[in-house]
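Chemist: Below is the file run.txt, which contains compact mmCIF, C-alpha atoms.
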# COMPACT_ATOMS: atom_id res chain seq x y z
CA MET A 144 -64.82 120.49 -33.61
CA LEU A 145 -65.57 124.17 -32.97
CA GLU A 146 -61.84 124.88 -32.68
CA LEU A 147 -61.23 123.16 -36.03
CA ALA A 148 -63.96 125.22 -37.69
CA LEU A 149 -62.58 128.42 -36.17
CA ASN A 150 -59.04 127.56 -37.29
CA SER A 151 -60.26 126.85 -40.83
CA LEU A 152 -62.11 130.16 -40.88
CA ILE A 153 -58.99 132.04 -39.73
CA TYR A 154 -56.74 130.21 -42.24
CA GLY A 155 -59.25 130.90 -45.01
CA LEU A 156 -59.32 134.59 -44.12
CA ILE A 157 -55.52 134.87 -43.95
CA ILE A 158 -54.88 133.30 -47.37
CA SER A 159 -57.84 134.99 -49.08
CA ILE A 160 -56.68 138.38 -47.82
CA TRP A 161 -53.08 137.57 -48.79
CA ALA A 162 -54.02 136.64 -52.38
CA PHE A 163 -56.40 139.59 -52.81
CA ILE A 164 -54.25 142.28 -51.20
CA THR A 165 -50.95 141.12 -52.74
CA ILE A 166 -52.37 141.24 -56.25
CA TRP A 167 -54.40 144.41 -55.61
CA ILE A 168 -51.41 146.34 -54.24
CA LEU A 169 -48.54 144.94 -56.28
CA THR A 170 -50.13 144.92 -59.75
CA PRO A 171 -49.96 148.74 -60.27
CA ARG A 172 -46.31 148.75 -59.15
CA TRP A 173 -45.57 145.75 -61.38
CA MET A 174 -47.25 147.53 -64.31
CA LEU A 175 -44.99 150.52 -63.77
CA PHE A 176 -41.91 148.27 -63.59
CA LEU A 177 -42.87 146.45 -66.82
CA LYS A 178 -43.43 149.77 -68.60
CA GLN A 179 -40.03 151.06 -67.48
CA LYS A 180 -38.41 147.85 -68.74
CA GLY A 181 -40.27 148.13 -72.05
CA LYS A 182 -42.14 144.88 -71.48
CA VAL A 183 -45.27 146.03 -73.28
CA VAL A 184 -47.36 144.68 -76.15
CA ASP A 185 -49.88 146.26 -78.49
CA ASP A 186 -53.56 146.07 -77.63
CA TYR A 187 -54.61 145.44 -81.23
CA HIS A 188 -58.33 145.98 -80.82
CA LYS A 189 -58.22 149.63 -79.75
CA PRO A 190 -57.60 152.87 -81.64
CA GLY A 191 -53.90 153.75 -81.62
CA LYS A 192 -52.97 150.27 -80.37
CA PRO A 193 -52.03 151.33 -76.82
CA LYS A 194 -49.04 149.63 -75.23
CA ILE A 195 -50.08 147.32 -72.39
CA PRO A 196 -47.62 145.80 -69.90
CA ARG A 197 -47.27 142.01 -69.92
CA PRO A 198 -47.00 139.54 -68.14
CA ALA A 199 -48.86 139.77 -64.85
CA GLY A 200 -47.87 136.15 -64.10
CA PRO A 201 -45.26 136.98 -61.41
CA VAL A 202 -47.75 138.99 -59.33
CA LEU A 203 -50.42 136.33 -59.78
CA ALA A 204 -47.90 133.68 -58.71
CA LEU A 205 -46.98 135.66 -55.61
CA GLY A 206 -50.63 136.03 -54.65
CA ILE A 207 -51.93 132.58 -55.56
CA CYS A 208 -48.90 130.32 -54.94
CA GLY A 209 -47.94 132.43 -51.91
CA GLY A 210 -51.41 131.87 -50.46
CA GLU A 211 -51.15 128.13 -51.07
CA LEU A 212 -47.71 127.97 -49.42
CA ILE A 213 -48.94 129.93 -46.40
CA LEU A 214 -51.79 127.43 -46.09
CA PHE A 215 -49.30 124.55 -46.26
CA PHE A 216 -47.27 126.03 -43.39
CA LEU A 217 -50.45 126.50 -41.37
CA THR A 218 -51.89 123.03 -41.99
CA ASN A 219 -48.87 120.83 -42.87
CA GLU A 220 -51.05 119.17 -45.50
CA LEU A 221 -48.82 117.56 -48.15
CA SER A 222 -51.45 117.80 -50.90
CA ILE A 223 -51.39 121.61 -50.60
CA LEU A 224 -47.61 121.69 -50.98
CA LEU A 225 -47.91 119.56 -54.13
CA LEU A 226 -50.63 121.87 -55.43
CA SER A 227 -48.23 124.79 -54.92
CA PHE A 228 -45.49 122.92 -56.79
CA ALA A 229 -47.84 122.29 -59.72
CA SER A 230 -48.86 125.99 -59.77
CA ILE A 231 -45.25 127.20 -59.55
CA LEU A 232 -44.07 124.81 -62.28
CA SER A 233 -46.83 125.96 -64.62
CA PHE A 234 -45.88 129.58 -63.90
CA VAL A 235 -42.23 128.83 -64.78
CA ILE A 236 -43.33 127.13 -68.02
CA GLY A 237 -45.45 130.19 -68.81
CA ILE A 238 -42.57 132.58 -68.10
CA ILE A 239 -40.37 130.63 -70.55
CA ASP A 240 -43.13 130.94 -73.14
CA ASP A 241 -43.55 134.65 -72.37
CA LYS A 242 -39.85 135.32 -72.88
CA LYS A 243 -39.37 133.19 -75.96
CA VAL A 244 -41.99 132.01 -78.47
CA MET A 245 -41.92 128.24 -78.08
CA PRO A 246 -43.36 125.69 -80.53
CA GLY A 247 -46.97 124.55 -80.14
CA TRP A 248 -46.07 121.26 -78.43
CA PHE A 249 -44.07 122.98 -75.67
CA LYS A 250 -46.93 123.99 -73.40
CA PRO A 251 -48.97 120.75 -73.40
CA LEU A 252 -45.90 118.55 -72.99
CA SER A 253 -44.19 120.62 -70.34
CA LEU A 254 -47.43 120.91 -68.38
CA VAL A 255 -47.28 117.13 -67.93
CA LEU A 256 -44.24 117.93 -65.75
CA ALA A 257 -46.35 120.36 -63.73
CA ALA A 258 -48.90 117.59 -63.19
CA LEU A 259 -46.29 115.11 -61.92
CA PRO A 260 -46.13 116.43 -58.31
CA LEU A 261 -49.83 115.67 -57.90
CA THR A 262 -49.33 112.00 -58.76
CA PHE A 263 -47.06 111.60 -55.71
CA PHE A 264 -49.96 112.20 -53.41
CA LEU A 265 -53.18 110.47 -54.21
CA SER A 266 -55.65 110.26 -51.39
CA THR A 267 -58.03 108.48 -53.74
CA ASN A 268 -58.03 106.63 -57.02
CA SER A 269 -61.73 107.00 -57.65
CA LEU A 270 -63.45 109.40 -59.99
CA ASN A 271 -66.79 111.02 -59.25
CA LEU A 272 -68.81 110.42 -62.40
CA ILE A 273 -72.08 112.19 -61.49
CA PHE A 274 -74.11 108.98 -61.11
CA GLY A 275 -71.60 107.34 -58.82
CA SER A 276 -67.98 107.05 -57.87
CA VAL A 277 -65.84 104.77 -60.03
CA LEU A 278 -62.60 103.12 -58.90
CA ILE A 279 -59.94 103.51 -61.58
CA PRO A 280 -56.63 102.40 -60.02
CA VAL A 281 -54.89 101.87 -63.38
CA LEU A 282 -56.22 104.98 -65.10
CA TYR A 283 -56.10 107.61 -62.37
CA ILE A 284 -52.46 108.70 -62.72
CA PRO A 285 -52.60 108.95 -66.56
CA LEU A 286 -55.86 110.87 -66.12
CA ILE A 287 -54.14 113.46 -63.89
CA LEU A 288 -51.30 113.76 -66.40
CA ILE A 289 -53.90 114.50 -69.09
CA ILE A 290 -56.25 116.77 -67.09
CA ILE A 291 -53.63 119.31 -65.98
CA PRO A 292 -52.16 120.07 -69.45
CA ILE A 293 -55.68 120.23 -70.89
CA THR A 294 -56.99 122.71 -68.31
CA GLY A 295 -53.78 124.76 -68.54
CA ASN A 296 -53.99 125.05 -72.31
CA THR A 297 -57.77 125.45 -72.39
CA VAL A 298 -57.63 128.41 -70.03
CA ASN A 299 -54.66 129.79 -71.97
CA SER A 300 -56.69 129.60 -75.20
CA ILE A 301 -59.59 131.65 -73.78
CA ASP A 302 -57.28 134.61 -73.11
CA VAL A 303 -58.52 136.38 -76.22
CA PHE A 304 -59.75 139.81 -75.15
CA ASN A 305 -59.51 142.27 -72.28
CA GLY A 306 -60.76 140.73 -69.04
CA VAL A 307 -62.01 137.49 -70.59
CA VAL A 308 -59.73 134.95 -68.95
CA SER A 309 -59.95 136.50 -65.47
CA GLY A 310 -63.72 137.10 -65.63
CA PHE A 311 -64.38 133.68 -67.15
CA MET A 312 -62.30 131.92 -64.48
CA ILE A 313 -63.97 133.83 -61.63
CA ILE A 314 -67.33 132.52 -62.89
CA SER A 315 -65.98 128.98 -63.45
CA SER A 316 -64.35 128.87 -60.01
CA ILE A 317 -67.67 129.32 -58.20
CA PRO A 318 -69.09 125.85 -59.04
CA LEU A 319 -65.63 124.36 -58.43
CA LEU A 320 -65.56 125.87 -54.93
CA ILE A 321 -69.07 124.54 -54.23
CA SER A 322 -68.13 121.10 -55.54
CA ILE A 323 -64.95 120.93 -53.45
CA ALA A 324 -66.98 121.95 -50.39
CA VAL A 325 -69.45 119.13 -51.05
CA PHE A 326 -67.20 116.30 -52.27
CA SER A 327 -63.82 117.00 -50.68
CA ASN A 328 -62.32 118.24 -47.42
CA VAL A 329 -61.88 121.63 -45.73
CA ASN A 330 -58.17 121.94 -46.55
CA THR A 331 -58.75 121.53 -50.30
CA LEU A 332 -61.55 124.09 -50.11
CA LEU A 333 -59.19 126.48 -48.34
CA ALA A 334 -56.52 125.82 -50.99
CA ALA A 335 -59.00 126.96 -53.66
CA LEU A 336 -59.53 130.37 -52.04
CA PRO A 337 -56.29 132.07 -53.20
CA LEU A 338 -57.18 131.36 -56.83
CA PHE A 339 -60.66 132.83 -56.48
CA PHE A 340 -59.70 135.91 -54.48
CA GLY A 341 -56.52 136.43 -56.52
CA LEU A 342 -58.62 136.45 -59.69
CA LEU A 343 -61.11 138.88 -58.16
CA ALA A 344 -58.28 141.34 -57.42
CA PHE A 345 -56.68 140.81 -60.82
CA TYR A 346 -59.95 141.43 -62.67
CA LYS A 347 -59.85 145.06 -61.53
CA PHE A 348 -56.75 145.59 -63.72
CA HIS A 349 -57.52 143.11 -66.48
CA LYS A 350 -61.15 144.04 -67.20
CA TYR A 351 -61.94 146.13 -70.30
CA PRO A 352 -59.99 148.33 -70.99
CA SER A 353 -57.08 146.24 -69.69
CA LYS A 354 -54.23 147.91 -67.86
CA ILE A 355 -52.15 144.71 -67.85
CA PHE A 356 -52.21 141.33 -69.62
CA PRO A 357 -51.65 138.06 -67.73
CA GLY A 358 -49.37 136.51 -70.38
CA ASP A 359 -48.81 132.76 -70.63
CA SER A 360 -47.28 132.75 -67.15
CA GLY A 361 -50.56 134.05 -65.76
CA THR A 362 -52.98 131.95 -67.80
CA LEU A 363 -51.06 128.67 -67.40
CA LEU A 364 -50.81 129.29 -63.67
CA ILE A 365 -54.57 129.92 -63.44
CA GLY A 366 -55.47 126.91 -65.64
CA THR A 367 -53.12 124.48 -63.95
CA THR A 368 -54.18 125.55 -60.45
CA TYR A 369 -57.82 125.14 -61.48
CA GLY A 370 -57.15 121.64 -62.89
CA ALA A 371 -55.10 120.60 -59.85
CA LEU A 372 -57.85 121.80 -57.51
CA ALA A 373 -60.43 119.85 -59.52
CA VAL A 374 -58.29 116.70 -59.10
CA LEU A 375 -57.59 117.20 -55.38
CA GLY A 376 -61.19 118.19 -54.75
CA ASN A 377 -62.74 115.10 -56.42
CA SER A 378 -64.44 117.49 -58.82
CA GLU A 379 -62.93 116.62 -62.20
CA VAL A 380 -66.19 116.33 -64.17
CA ILE A 381 -67.76 119.37 -62.46
CA GLY A 382 -64.61 121.36 -63.32
CA VAL A 383 -64.81 120.33 -66.98
CA ILE A 384 -68.50 121.27 -67.25
CA ALA A 385 -67.78 124.72 -65.79
CA LEU A 386 -65.11 125.19 -68.48
CA LEU A 387 -67.29 124.02 -71.40
CA PRO A 388 -67.13 127.27 -73.46
CA ALA A 389 -63.33 127.21 -73.21
CA VAL A 390 -63.30 123.48 -74.04
CA ILE A 391 -65.42 124.19 -77.13
CA ASN A 392 -63.00 126.96 -78.11
CA SER A 393 -59.98 124.64 -77.82
CA PHE A 394 -61.77 121.84 -79.64
CA LEU A 395 -62.85 124.09 -82.53
CA PHE A 396 -59.33 125.47 -82.87
CA LEU A 397 -57.62 122.08 -82.76
CA GLU A 398 -60.18 120.51 -85.07
CA SER A 399 -59.73 123.21 -87.72
CA MET A 400 -55.92 123.37 -87.42
CA ARG A 401 -55.53 119.56 -87.24
CA LYS A 402 -52.43 119.99 -85.06
CA VAL A 403 -51.22 121.72 -81.91
CA VAL A 404 -49.98 125.19 -82.90
CA GLU A 405 -49.46 128.48 -81.15
CA HIS A 406 -52.21 131.06 -81.79
CA ARG A 407 -49.62 133.59 -82.94
CA GLN A 408 -48.39 131.10 -85.59
CA VAL A 409 -51.80 131.01 -87.28
CA LYS A 410 -51.56 132.79 -90.63
CA SER A 411 -55.25 133.44 -91.23
CA ARG A 412 -57.03 135.14 -88.32
CA PRO A 413 -60.52 133.94 -87.28
CA THR A 414 -61.71 137.53 -86.78
CA ILE A 415 -61.21 140.81 -88.63
CA LEU A 416 -60.99 144.25 -87.05
CA THR A 417 -63.32 146.71 -88.80
CA GLU A 418 -62.62 150.41 -89.29
CA ASP A 419 -64.87 151.34 -86.38
CA TYR A 420 -62.94 148.96 -84.11
CA ASN A 421 -65.56 146.27 -84.02
CA LEU A 422 -64.73 142.68 -84.78
CA LYS A 423 -66.35 140.53 -87.43
CA ALA A 424 -65.99 136.84 -88.31
CA SER A 425 -63.51 136.10 -91.06
CA ASP A 426 -64.89 134.71 -94.33
CA ASP A 427 -61.59 132.98 -95.06
CA PRO A 428 -62.24 129.21 -95.19
CA ASN A 429 -58.65 128.61 -94.00
CA ALA A 430 -59.14 130.64 -90.82
CA PRO A 431 -59.48 128.49 -87.69
CA ASN A 432 -62.83 128.16 -86.01
CA THR A 433 -62.97 129.62 -82.52
CA LEU A 434 -65.65 130.43 -79.99
CA VAL A 435 -65.36 134.13 -80.84
CA ARG A 436 -65.80 133.41 -84.55
CA LEU A 437 -69.02 131.55 -83.75
CA ILE A 438 -70.24 134.41 -81.55
CA LEU A 439 -69.51 136.85 -84.39
CA ALA A 440 -71.23 134.70 -87.02
CA ASN A 441 -74.41 136.74 -86.49
CA GLY A 442 -72.70 140.09 -87.03
CA PRO A 443 -69.87 142.32 -85.74
CA LEU A 444 -69.49 143.26 -82.09
CA SER A 445 -67.12 145.41 -80.07
CA GLU A 446 -64.42 143.80 -77.94
CA ASN A 447 -66.30 144.62 -74.75
CA GLU A 448 -69.55 143.17 -76.13
CA ILE A 449 -67.79 139.93 -77.09
CA SER A 450 -66.39 139.62 -73.56
CA LYS A 451 -69.91 139.99 -72.14
CA GLU A 452 -71.22 137.30 -74.51
CA ILE A 453 -68.45 134.93 -73.36
CA PHE A 454 -69.38 135.65 -69.73
CA LYS A 455 -73.00 134.73 -70.50
CA LEU A 456 -71.78 131.37 -71.84
CA ALA A 457 -69.60 130.93 -68.73
CA LEU A 458 -72.63 131.66 -66.54
CA LEU A 459 -74.67 128.98 -68.33
CA SER A 460 -71.85 126.46 -67.84
CA ALA A 461 -71.51 127.41 -64.19
CA LEU A 462 -75.25 126.92 -63.75
CA LEU A 463 -75.10 123.50 -65.42
CA SER A 464 -72.17 122.62 -63.14
CA ILE A 465 -74.19 123.52 -60.07
CA VAL A 466 -77.11 121.40 -61.31
CA THR A 467 -74.61 118.57 -61.84
CA ILE A 468 -73.36 118.98 -58.24
CA PHE A 469 -76.94 118.42 -57.01
CA ILE A 470 -77.33 115.31 -59.20
CA GLN A 471 -73.94 113.94 -58.09
CA HIS A 472 -74.72 114.65 -54.44
CA TYR A 473 -77.95 112.70 -54.72
CA PHE A 474 -76.35 109.66 -56.37
CA ILE A 475 -73.20 109.56 -54.21
CA PHE A 476 -74.54 110.41 -50.75
CA GLN A 477 -78.25 109.72 -50.70
CA LYS A 478 -78.81 106.73 -52.94
CA MET B 298 -80.94 135.91 -79.73
CA ARG B 299 -77.27 135.80 -80.73
CA LEU B 300 -76.19 133.14 -78.26
CA LEU B 301 -79.17 130.79 -78.53
CA GLY B 302 -77.30 128.39 -80.84
CA LEU B 303 -74.27 128.31 -78.54
CA PHE B 304 -76.46 127.89 -75.47
CA LEU B 305 -78.07 124.86 -77.11
CA PHE B 306 -74.63 123.58 -78.14
CA ILE B 307 -73.41 123.74 -74.52
CA LEU B 308 -76.65 122.20 -73.25
CA ALA B 309 -76.32 119.34 -75.74
CA LEU B 310 -72.71 118.76 -74.65
CA TRP B 311 -73.79 118.69 -71.02
CA ILE B 312 -76.48 116.10 -71.79
CA ILE B 313 -73.91 113.99 -73.64
CA ILE B 314 -71.55 114.21 -70.62
CA LEU B 315 -74.41 113.12 -68.36
CA GLY B 316 -75.20 110.24 -70.75
CA ILE B 317 -71.58 109.08 -70.85
CA SER B 318 -71.27 109.29 -67.07
CA PHE B 319 -74.47 107.29 -66.65
CA PHE B 320 -73.26 104.62 -69.10
CA LEU B 321 -69.83 104.37 -67.44
CA THR B 322 -71.16 104.12 -63.89
CA THR B 323 -74.07 101.82 -64.73
CA PHE B 324 -72.58 99.44 -67.29
CA VAL B 325 -68.78 99.74 -67.40
CA ALA B 326 -67.86 100.14 -63.72
CA PRO B 327 -69.63 96.93 -62.56
CA ILE B 328 -67.83 94.77 -65.17
CA LYS B 329 -65.99 91.94 -63.41
CA ILE B 330 -64.04 89.38 -65.42
CA THR B 331 -63.09 86.08 -63.81
CA ILE B 332 -61.23 83.97 -66.35
CA LEU B 333 -58.35 82.68 -64.23
CA GLU B 334 -57.90 81.61 -60.62
CA ASN B 335 -55.43 84.45 -60.07
CA ASN B 336 -57.31 87.47 -58.72
CA THR B 337 -54.59 89.97 -59.65
CA ILE B 338 -54.64 88.96 -63.32
CA ASN B 339 -58.45 89.02 -63.30
CA ARG B 340 -58.35 92.55 -61.89
CA ILE B 341 -55.84 93.68 -64.50
CA ILE B 342 -57.94 92.19 -67.33
CA THR B 343 -61.06 93.85 -65.90
CA SER B 344 -59.25 97.20 -65.67
CA ILE B 345 -57.97 96.92 -69.25
CA ILE B 346 -61.47 96.13 -70.56
CA GLN B 347 -62.98 99.01 -68.55
CA ALA B 348 -60.26 101.41 -69.68
CA SER B 349 -60.66 100.37 -73.34
CA THR B 350 -64.44 100.80 -73.15
CA ALA B 351 -64.03 104.24 -71.54
CA PHE B 352 -61.50 105.16 -74.24
CA ILE B 353 -63.89 104.11 -77.04
CA ILE B 354 -66.66 106.14 -75.41
CA ILE B 355 -64.39 109.20 -75.23
CA ILE B 356 -63.63 108.77 -78.95
CA ILE B 357 -67.37 108.55 -79.66
CA PHE B 358 -67.81 111.74 -77.57
CA ILE B 359 -65.20 113.58 -79.64
CA LEU B 360 -66.77 112.35 -82.89
CA SER B 361 -70.23 113.44 -81.74
CA LEU B 362 -68.79 116.81 -80.77
CA ASN B 363 -67.40 117.07 -84.28
CA LYS B 364 -70.79 116.14 -85.80
CA MET B 365 -72.53 118.72 -83.60
CA LYS B 366 -70.04 121.34 -84.68
CA SER B 367 -70.57 120.51 -88.38
CA PHE B 368 -74.35 120.68 -87.91
CA TYR B 369 -74.06 123.99 -86.07
CA MET B 370 -71.78 125.46 -88.73
CA SER B 371 -74.05 124.33 -91.58
CA ARG B 372 -77.03 125.96 -89.80
CA LEU B 373 -75.02 129.15 -89.43
CA ARG B 374 -74.05 129.15 -93.11
CA ALA B 375 -77.66 128.54 -94.16
CA ALA B 376 -78.85 131.40 -91.94
CA LYS B 377 -76.19 133.68 -93.39
CA LYS B 378 -77.23 132.90 -97.00
CA GLN B 379 -80.85 133.78 -96.22
Could you quickly redo this structure as structure tokens?
Modeler:
Amino acid sequence: MLELALNSLIYGLIISIWAFITIWILTPRWMLFLKQKGKVVDDYHKPGKPKIPRPAGPVLALGICGGELILFFLTNELSILLLSFASILSFVIGIIDDKKVMPGWFKPLSLVLAALPLTFFLSTNSLNLIFGSVLIPVLYIPLILIIIPITGNTVNSIDVFNGVVSGFMIISSIPLLISIAVFSNVNTLLAALPLFFGLLAFYKFHKYPSKIFPGDSGTLLIGTTYGALAVLGNSEVIGVIALLPAVINSFLFLESMRKVVEHRQVKSRPTILTEDYNLKASDDPNAPNTLVRLILANGPLSENEISKEIFKLALLSALLSIVTIFIQHYFIFQK
Amino acid sequence: MRLLGLFLFILALWIIILGISFFLTTFVAPIKITILENNTINRIITSIIQASTAFIIIIIFILSLNKMKSFYMSRLRAAKKQ
């Protein structure tokens, strides 16, 4: 028992350090490489529109997927290998989207492919629904095939300003880690560490003012890994609650557009950049509703201020998730 | 406070998720249909009924989300006019 705990601690340390150090050390070199290759995009919300390298996906993949693969070799746990496959597939889908602008349906549909590996290994077919665990043998596989594309795209859609997606996902990962620790096993908890520590390292470069952008390869990788961990960690509902601000953002966008479209294909922007480089909500009735537009409804804010407001919403959702973990723990284990 | 409306929006969503989870675990999960002698068919029928009920509830959730959004937007517009 003690040996098992010690091994888990060592494995956790190895993969956490791997994810953190790989991303921390390689990102500056990757930024330089991207700049030399001319793989840069405008940062629209700053004076002079500085050129920012994109995508950071390959470095994130090396840190996060690499950590997961190392854990697989240490534990021989099949579910971790399938988690790595899902993460790698989503990264490949993102890279395709980074290189070539694909139609709106491409990401959600192709992410179903990324979810497929997880359906090969199902240790359970029950869903923790806060007030109890429900057996859903018929629905569980379709549910996985829906959850992964939704989380992938939802996280992708929150990548709106400097540091938002990385900061938001660091906050959202905390209740997920707690939930996995409570409702799942040690190996799944260990598998969640590369995502958390990888994001912590990446935030240093992505926070305002960003030195690099994650690109679709980065955001889809983060979102899919998060969704896959929620599935493997019996924490689907907890994971959704922690992502509520991003879910609202996706819902508002889809509801106002009435179809799945790429953000860059939207003709009327939800926000307008003012002369003093603040952002204000658009008055155009044809502009899509987004979370940022709602935040700006009470007046203009700077990019950095908007990011902080989004983090406050993420903190509330994380808090509600943690309360939900307590409720679920009571109903599943104690009642 | 700028975010008060959005805080309440998220809180309301959370309460709805709790409500749906309570309904599903308390009323839908225990459903057991026994029409035929064959247990497998009974289980499939039960699963289909449970899945359909869950699906309807999800639709109601999306519609209520839409209603909440409309209410929130109308409040925002009213506040802006003032």
Chemist: Please provide as an MDAnalysis selection string all residues within 10 Å of segment 366-374 of chain B, with the sequence filter that same-chain residues fewer than 5 positions apart are discarded (counting all atoms listed in the file).
Modeler: (chainID A and resid 391 394:395 398 432 437 440:441) or (chainID B and resid 302:303 305:306 360:361 379)
Chemist: For Val325 of chain B, list every protein, DNA or RNA residue within 12 Å, evaluated using only C-alpha atoms, and leave out those in the same chain fewer than 4 positions away; present the list as a PyMOL selection string.
Modeler: (chain A and resi 272+275+277-279) or (chain B and resi 317-321+329-330+343-354)
Chemist: Give the answer as one residue: which of A:Lys423, A:Lys180, A:Arg412, A:Lys243 has the shortest atom-to-atom distance to Ile449 of chain A, using all atoms listed in the file?
Modeler: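 For Ile449 of chain A, the nearest of the given residues is A:Lys423.
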Chemist: Extract, using all atoms listed in the file, all DNA, RNA and protein residues at most 9 Å from Leu300 of chain B, discarding same-chain residues fewer than 3 positions from it, and format them as a ChimeraX atom specification.
Modeler: /A:438,452,455-456 /B:303-305
Chemist: As an NGL selection string, please: the residues near segment 203-212 of chain A (cut-off 6 Å, all atoms listed in the file, same-chain neighbours under 4 positions excluded).
Modeler: :A and (158 or 162 or 165-166 or 227 or 334 or 337-338)
Chemist: Hey, can you check how far atom CA of Ile381 of chain A sits from atom CA of Val298 of chain A?
Modeler: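 Between atom CA of Ile381 of chain A and atom CA of Val298 of chain A the gap is 15.5 Å.
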